[in-house]
Amino acid sequence: VAESPADKELKGYVFKNYRKQFGRCLWPGQSNCPAPVIRAHSIQRRGTLEGLAENGHVVMPDVTLKGDDPPEVRFAEVGLKVASTFTGLCSYHDNKLFEPIDDERLDFGNRGQTFLLAYRSVLKEAHASMRAANKVQGVYDKAVRLGLSDPEEMTPEMLLATYRIMAAYDRYIFKFRYDEAYLNGDFETVEHAVFDLDAPVPSLAASTMFSMRRVGRDEAFVALNIFPHDGRHVLVLSYLAEHERFVEPLVSQIKTTFGAGRLKAASRLVVERCENFVLRPGLYRSFTEAQRTAIRELFLRTLNGPAPGGRDDRIDLFGRVS
Ligand SMILES: [Zn+2]
């Protein structure tokens, strides 16, 4: 879909303003919280991350973008202080926002709690995409200053910067919906589909947001959370009630899987759609070389969106595939 110059100008304007806010606390109740940001966890530290860690570390994908070369990913041990964090909230507001799910038992019938679970993913992704856009924009600006990229020409650098800015813009606008719902206590705006995963505990935790499709000027984003809970794992998909019909195919697809088949479906969803996931180190070490290679390859192939492709039994994040 081609965008009008006015659309682009608006996006540029919003982006510039968001950039000013970047590195500040994203607390929705106050536009200018002056407190310094901390590394806020997008996956609960106490309970979830601590349960998955061995010697204070979990395993996460680590992506390296290398200029003209294809990106690389390796699965690396990361300390708990850093794993899954984003610098988008101050300590006070991180606490205040997520106290109801960090300090109280999670009850999937409690709409306030399930809302917060999704909100955390939305904030993290809005921040992460902004960070990525900021980075490529910085590289692009530098290329223009150095005379390496002509600002009047549609260069690959400019396209990449534009693409990242648009992605950040869409997530930023979407975050507003959650901010508004939070401030109004209107938690019913967000619907959830909760699934049991019959996997050994603890194996995996994931938190992300991805788009099912474009809807007019918006994207139908879904928040995805997976984590150990009550001796099992749960998978939670959260979406705006008005987007239900766009998410329904994914919900049905998972609903019709059982046991090991559901673990494969969940694994595939995570590898394709999520960069923010952690594994228990001993579990990752148990994976076969063929399994690790298949996971890495699918991960890289789907960095910018899902790829067609049939079932691959080697894509399993919950146990060794022999
Ligand atoms: Zn704050």
# chains A, B, ... in the order shown; residues from 1 in each chain; ligands from 1
>>> residues_around(residues="region 49-66 of chain A", least_positions_apart="2", cutoff="7 Å", atoms="only C-alpha atoms", output="list in words")
Ile43, Gln44, Arg45, Arg46, Gly47, Asp68, Asp69, Pro70, Pro71, Glu72, Val73, Arg74, Phe75, Ala76, Glu77, Val78, Gly79, Leu80, Pro202, Ser203, Glu275, Phe277, Val278, Leu279, Arg280 and Pro281 of chain A
>>> residues_near_ligand(ligand="ligand 1", cutoff="10 Å", atoms="only C-alpha atoms and all ligand atoms", output="list in words")
Arg24, Cys25, Leu26, Trp27, Pro28, Gly29, Gln30, Ser31, Asn32, Cys33, Pro34, Ala35, Pro36, Val37, Ile38, Gly88, Leu89, Cys90, Ser91, Tyr92, His93, Asp94, Asn95, Lys96 and Leu97 of chain A
>>> write_last_selection(atoms="C-alpha atoms", output="PDB file, in the first residue's frame")
ATOM      1  CA  ARG A  24      12.832   7.753  29.224  1.00  0.00           C
ATOM      2  CA  CYS A  25      10.307   6.000  31.397  1.00  0.00           C
ATOM      3  CA  LEU A  26       7.276   4.867  29.360  1.00  0.00           C
ATOM      4  CA  TRP A  27       4.882   5.032  32.324  1.00  0.00           C
ATOM      5  CA  PRO A  28       1.564   5.975  30.688  1.00  0.00           C
ATOM      6  CA  GLY A  29       0.174   8.090  33.509  1.00  0.00           C
ATOM      7  CA  GLN A  30       2.667  10.891  33.173  1.00  0.00           C
ATOM      8  CA  SER A  31       4.280  11.959  29.922  1.00  0.00           C
ATOM      9  CA  ASN A  32       7.518  13.103  31.470  1.00  0.00           C
ATOM     10  CA  CYS A  33       8.578  10.838  34.273  1.00  0.00           C
ATOM     11  CA  PRO A  34      12.032  12.252  34.999  1.00  0.00           C
ATOM     12  CA  ALA A  35      13.384   9.239  36.877  1.00  0.00           C
ATOM     13  CA  PRO A  36      16.246   7.334  35.247  1.00  0.00           C
ATOM     14  CA  VAL A  37      15.312   4.133  33.436  1.00  0.00           C
ATOM     15  CA  ILE A  38      16.459   0.734  34.614  1.00  0.00           C
ATOM     16  CA  GLY A  88      11.930   1.680  29.067  1.00  0.00           C
ATOM     17  CA  LEU A  89      10.755   2.110  32.658  1.00  0.00           C
ATOM     18  CA  CYS A  90      12.091   3.616  35.870  1.00  0.00           C
ATOM     19  CA  SER A  91      12.385   1.400  38.890  1.00  0.00           C
ATOM     20  CA  TYR A  92       9.368   2.889  40.646  1.00  0.00           C
ATOM     21  CA  HIS A  93       7.025   2.562  37.677  1.00  0.00           C
ATOM     22  CA  ASP A  94       8.270  -0.888  36.670  1.00  0.00           C
ATOM     23  CA  ASN A  95       7.329  -1.952  40.171  1.00  0.00           C
ATOM     24  CA  LYS A  96       4.073  -0.090  40.322  1.00  0.00           C
ATOM     25  CA  LEU A  97       2.876  -1.340  36.929  1.00  0.00           C
TER      26      LEU A  97
END
>>> closest_residue(among="A:Val234, A:Met130, A:Leu250, A:Ala294", to="Leu106 (chain A)", atoms="only C-alpha atoms")
A:Val234
>>> atom_distance(atom1="CA of Thr48 (chain A)", atom2="CA of Arg177 (chain A)")
27.0 Å
>>> select_by_dssp(residues="region 101-248 of chain A", states="helix (DSSP H, G or I)", output="short mmCIF file (atom, residue, chain, number, x, y, z; two decimals) with N, CA and C atoms, in the first residue's frame")
data_model
loop_
_atom_site.label_atom_id
_atom_site.label_comp_id
_atom_site.auth_asym_id
_atom_site.auth_seq_id
_atom_site.Cartn_x
_atom_site.Cartn_y
_atom_site.Cartn_z
N ILE A 101 1.20 -8.68 39.03
CA ILE A 101 1.55 -10.02 38.52
C ILE A 101 2.88 -10.52 39.09
N ASP A 102 3.68 -9.60 39.62
CA ASP A 102 4.96 -10.04 40.19
C ASP A 102 4.81 -10.50 41.63
N ARG A 111 -8.76 -10.53 34.76
CA ARG A 111 -8.48 -9.78 33.54
C ARG A 111 -7.42 -8.70 33.75
N GLY A 112 -7.35 -8.16 34.95
CA GLY A 112 -6.32 -7.16 35.23
C GLY A 112 -4.94 -7.78 35.12
N GLN A 113 -4.80 -8.98 35.66
CA GLN A 113 -3.50 -9.66 35.62
C GLN A 113 -3.12 -10.08 34.20
N THR A 114 -4.04 -10.68 33.45
CA THR A 114 -3.70 -11.11 32.09
C THR A 114 -3.42 -9.90 31.20
N PHE A 115 -4.11 -8.79 31.46
CA PHE A 115 -3.82 -7.56 30.72
C PHE A 115 -2.36 -7.15 30.93
N LEU A 116 -1.93 -7.17 32.19
CA LEU A 116 -0.57 -6.73 32.50
C LEU A 116 0.49 -7.63 31.86
N LEU A 117 0.18 -8.91 31.80
CA LEU A 117 1.09 -9.87 31.16
C LEU A 117 1.34 -9.44 29.71
N ALA A 118 0.26 -9.10 29.00
CA ALA A 118 0.37 -8.68 27.60
C ALA A 118 1.00 -7.29 27.49
N TYR A 119 0.62 -6.40 28.41
CA TYR A 119 1.12 -5.02 28.39
C TYR A 119 2.65 -4.99 28.47
N ARG A 120 3.19 -5.87 29.29
CA ARG A 120 4.65 -5.92 29.44
C ARG A 120 5.31 -6.28 28.10
N SER A 121 4.71 -7.22 27.36
CA SER A 121 5.24 -7.59 26.05
C SER A 121 5.14 -6.43 25.06
N VAL A 122 4.02 -5.71 25.13
CA VAL A 122 3.79 -4.59 24.21
C VAL A 122 4.81 -3.47 24.47
N LEU A 123 5.04 -3.16 25.74
CA LEU A 123 6.01 -2.11 26.09
C LEU A 123 7.41 -2.49 25.63
N LYS A 124 7.76 -3.73 25.89
CA LYS A 124 9.10 -4.19 25.51
C LYS A 124 9.31 -4.11 23.99
N GLU A 125 8.30 -4.54 23.22
CA GLU A 125 8.45 -4.55 21.76
C GLU A 125 8.42 -3.14 21.18
N ALA A 126 7.59 -2.28 21.75
CA ALA A 126 7.56 -0.88 21.30
C ALA A 126 8.95 -0.27 21.51
N HIS A 127 9.52 -0.56 22.65
CA HIS A 127 10.83 -0.02 22.97
C HIS A 127 11.93 -0.63 22.10
N ALA A 128 11.88 -1.94 21.92
CA ALA A 128 12.92 -2.63 21.13
C ALA A 128 12.90 -2.16 19.67
N SER A 129 11.69 -1.98 19.10
CA SER A 129 11.62 -1.58 17.69
C SER A 129 12.10 -0.14 17.54
N MET A 130 11.83 0.67 18.57
CA MET A 130 12.29 2.06 18.57
C MET A 130 13.80 2.11 18.61
N ARG A 131 14.35 1.24 19.41
CA ARG A 131 15.79 1.19 19.54
C ARG A 131 16.44 0.81 18.20
N ALA A 132 15.83 -0.19 17.55
CA ALA A 132 16.35 -0.64 16.26
C ALA A 132 16.26 0.47 15.23
N ALA A 133 15.12 1.20 15.23
CA ALA A 133 14.92 2.29 14.27
C ALA A 133 15.93 3.41 14.52
N ASN A 134 16.14 3.71 15.78
CA ASN A 134 17.08 4.74 16.18
C ASN A 134 18.48 4.44 15.66
N LYS A 135 18.82 3.17 15.77
CA LYS A 135 20.14 2.71 15.36
C LYS A 135 20.34 2.85 13.84
N VAL A 136 19.39 2.32 13.06
CA VAL A 136 19.57 2.41 11.60
C VAL A 136 19.46 3.85 11.13
N GLN A 137 18.61 4.64 11.81
CA GLN A 137 18.48 6.05 11.44
C GLN A 137 19.82 6.76 11.67
N GLY A 138 20.45 6.43 12.78
CA GLY A 138 21.76 7.01 13.10
C GLY A 138 22.79 6.65 12.03
N VAL A 139 22.78 5.40 11.60
CA VAL A 139 23.72 4.93 10.58
C VAL A 139 23.43 5.65 9.26
N TYR A 140 22.13 5.79 8.96
CA TYR A 140 21.74 6.45 7.72
C TYR A 140 22.16 7.93 7.72
N ASP A 141 21.86 8.63 8.83
CA ASP A 141 22.24 10.04 8.95
C ASP A 141 23.74 10.22 8.74
N LYS A 142 24.48 9.29 9.30
CA LYS A 142 25.93 9.38 9.20
C LYS A 142 26.36 9.19 7.74
N ALA A 143 25.73 8.21 7.07
CA ALA A 143 26.05 7.95 5.67
C ALA A 143 25.77 9.18 4.80
N VAL A 144 24.66 9.88 5.13
CA VAL A 144 24.32 11.09 4.38
C VAL A 144 25.37 12.18 4.65
N ARG A 145 25.71 12.34 5.92
CA ARG A 145 26.71 13.36 6.29
C ARG A 145 28.05 13.11 5.61
N PRO A 156 19.40 1.74 -0.44
CA PRO A 156 19.07 0.64 0.47
C PRO A 156 19.10 1.08 1.94
N GLU A 157 20.05 1.97 2.27
CA GLU A 157 20.13 2.45 3.67
C GLU A 157 18.85 3.20 4.04
N MET A 158 18.39 4.01 3.07
CA MET A 158 17.20 4.79 3.34
C MET A 158 15.97 3.89 3.48
N LEU A 159 15.91 2.87 2.62
CA LEU A 159 14.79 1.94 2.69
C LEU A 159 14.75 1.22 4.03
N LEU A 160 15.92 0.77 4.45
CA LEU A 160 15.99 0.05 5.72
C LEU A 160 15.59 0.96 6.87
N ALA A 161 16.11 2.19 6.85
CA ALA A 161 15.77 3.16 7.90
C ALA A 161 14.26 3.41 7.89
N THR A 162 13.71 3.58 6.68
CA THR A 162 12.27 3.85 6.56
C THR A 162 11.45 2.68 7.07
N TYR A 163 11.86 1.47 6.68
CA TYR A 163 11.16 0.27 7.10
C TYR A 163 11.16 0.15 8.63
N ARG A 164 12.32 0.38 9.23
CA ARG A 164 12.42 0.28 10.69
C ARG A 164 11.59 1.36 11.40
N ILE A 165 11.58 2.55 10.81
CA ILE A 165 10.81 3.63 11.42
C ILE A 165 9.31 3.32 11.36
N MET A 166 8.87 2.80 10.21
CA MET A 166 7.45 2.43 10.08
C MET A 166 7.08 1.35 11.10
N ALA A 167 7.97 0.35 11.25
CA ALA A 167 7.71 -0.73 12.20
C ALA A 167 7.61 -0.18 13.62
N ALA A 168 8.52 0.74 13.94
CA ALA A 168 8.51 1.34 15.28
C ALA A 168 7.24 2.18 15.46
N TYR A 169 6.87 2.91 14.42
CA TYR A 169 5.68 3.75 14.47
C TYR A 169 4.43 2.92 14.76
N ASP A 170 4.27 1.81 14.02
CA ASP A 170 3.09 0.96 14.21
C ASP A 170 3.00 0.41 15.64
N ARG A 171 4.15 0.06 16.18
CA ARG A 171 4.15 -0.48 17.55
C ARG A 171 3.89 0.61 18.58
N TYR A 172 4.39 1.78 18.27
CA TYR A 172 4.20 2.93 19.16
C TYR A 172 2.71 3.30 19.24
N ILE A 173 2.07 3.35 18.07
CA ILE A 173 0.64 3.67 18.03
C ILE A 173 -0.16 2.60 18.76
N PHE A 174 0.24 1.35 18.55
CA PHE A 174 -0.47 0.24 19.19
C PHE A 174 -0.33 0.31 20.72
N LYS A 175 0.83 0.68 21.19
CA LYS A 175 1.06 0.81 22.63
C LYS A 175 0.07 1.80 23.27
N PHE A 176 -0.29 2.84 22.51
CA PHE A 176 -1.26 3.81 23.02
C PHE A 176 -2.57 3.15 23.45
N ARG A 177 -2.99 2.15 22.68
CA ARG A 177 -4.25 1.47 22.99
C ARG A 177 -4.17 0.81 24.36
N TYR A 178 -3.03 0.22 24.63
CA TYR A 178 -2.83 -0.40 25.94
C TYR A 178 -2.71 0.64 27.04
N ASP A 179 -2.01 1.75 26.75
CA ASP A 179 -1.87 2.82 27.75
C ASP A 179 -3.25 3.31 28.18
N GLU A 180 -4.07 3.55 27.17
CA GLU A 180 -5.41 4.07 27.40
C GLU A 180 -6.25 3.07 28.21
N ALA A 181 -6.20 1.81 27.81
CA ALA A 181 -6.95 0.78 28.52
C ALA A 181 -6.48 0.68 29.97
N TYR A 182 -5.17 0.78 30.16
CA TYR A 182 -4.61 0.70 31.51
C TYR A 182 -5.10 1.85 32.37
N LEU A 183 -5.01 3.06 31.82
CA LEU A 183 -5.40 4.25 32.59
C LEU A 183 -6.88 4.25 32.93
N ASN A 184 -7.70 3.66 32.03
CA ASN A 184 -9.14 3.61 32.28
C ASN A 184 -9.56 2.35 33.03
N PHE A 187 -9.79 -3.33 31.16
CA PHE A 187 -8.99 -4.50 30.82
C PHE A 187 -9.68 -5.46 29.84
N GLU A 188 -11.00 -5.26 29.68
CA GLU A 188 -11.76 -6.15 28.78
C GLU A 188 -11.45 -5.84 27.30
N THR A 189 -10.76 -4.75 27.05
CA THR A 189 -10.36 -4.41 25.67
C THR A 189 -9.49 -5.50 25.07
N ALA A 241 -9.89 -7.05 21.32
CA ALA A 241 -11.15 -7.75 20.99
C ALA A 241 -11.56 -7.51 19.54
N GLU A 242 -11.33 -6.30 19.05
CA GLU A 242 -11.73 -5.97 17.67
C GLU A 242 -10.90 -6.72 16.61
N HIS A 243 -9.78 -7.30 17.02
CA HIS A 243 -8.93 -8.05 16.08
C HIS A 243 -9.16 -9.56 16.14
N GLU A 244 -10.15 -9.95 16.89
CA GLU A 244 -10.36 -11.38 17.16
C GLU A 244 -10.36 -12.23 15.88
N ARG A 245 -11.07 -11.74 14.84
CA ARG A 245 -11.19 -12.58 13.65
C ARG A 245 -9.87 -12.79 12.92
N PHE A 246 -8.91 -11.87 13.11
CA PHE A 246 -7.62 -12.03 12.46
C PHE A 246 -6.71 -13.00 13.23
N VAL A 247 -7.00 -13.15 14.50
CA VAL A 247 -6.16 -14.00 15.35
C VAL A 247 -6.75 -15.40 15.44
N GLU A 248 -8.04 -15.50 15.12
CA GLU A 248 -8.76 -16.76 15.26
C GLU A 248 -8.09 -17.95 14.56
#
>>> atom_distance(atom1="CA of Leu269 (chain A)", atom2="CA of Ala83 (chain A)")
20.2 Å
>>> residues_around(residues="Val222 (chain A)", least_positions_apart="2", cutoff="10 Å", atoms="only C-alpha atoms", output="ChimeraX atom specification")
/A:118,121-122,190-192,208-213,219-220,224-225,236-240,243-244,246-247
>>> atom_distance(atom1="CA of Val321 (chain A)", atom2="CA of Gln291 (chain A)")
6.6 Å
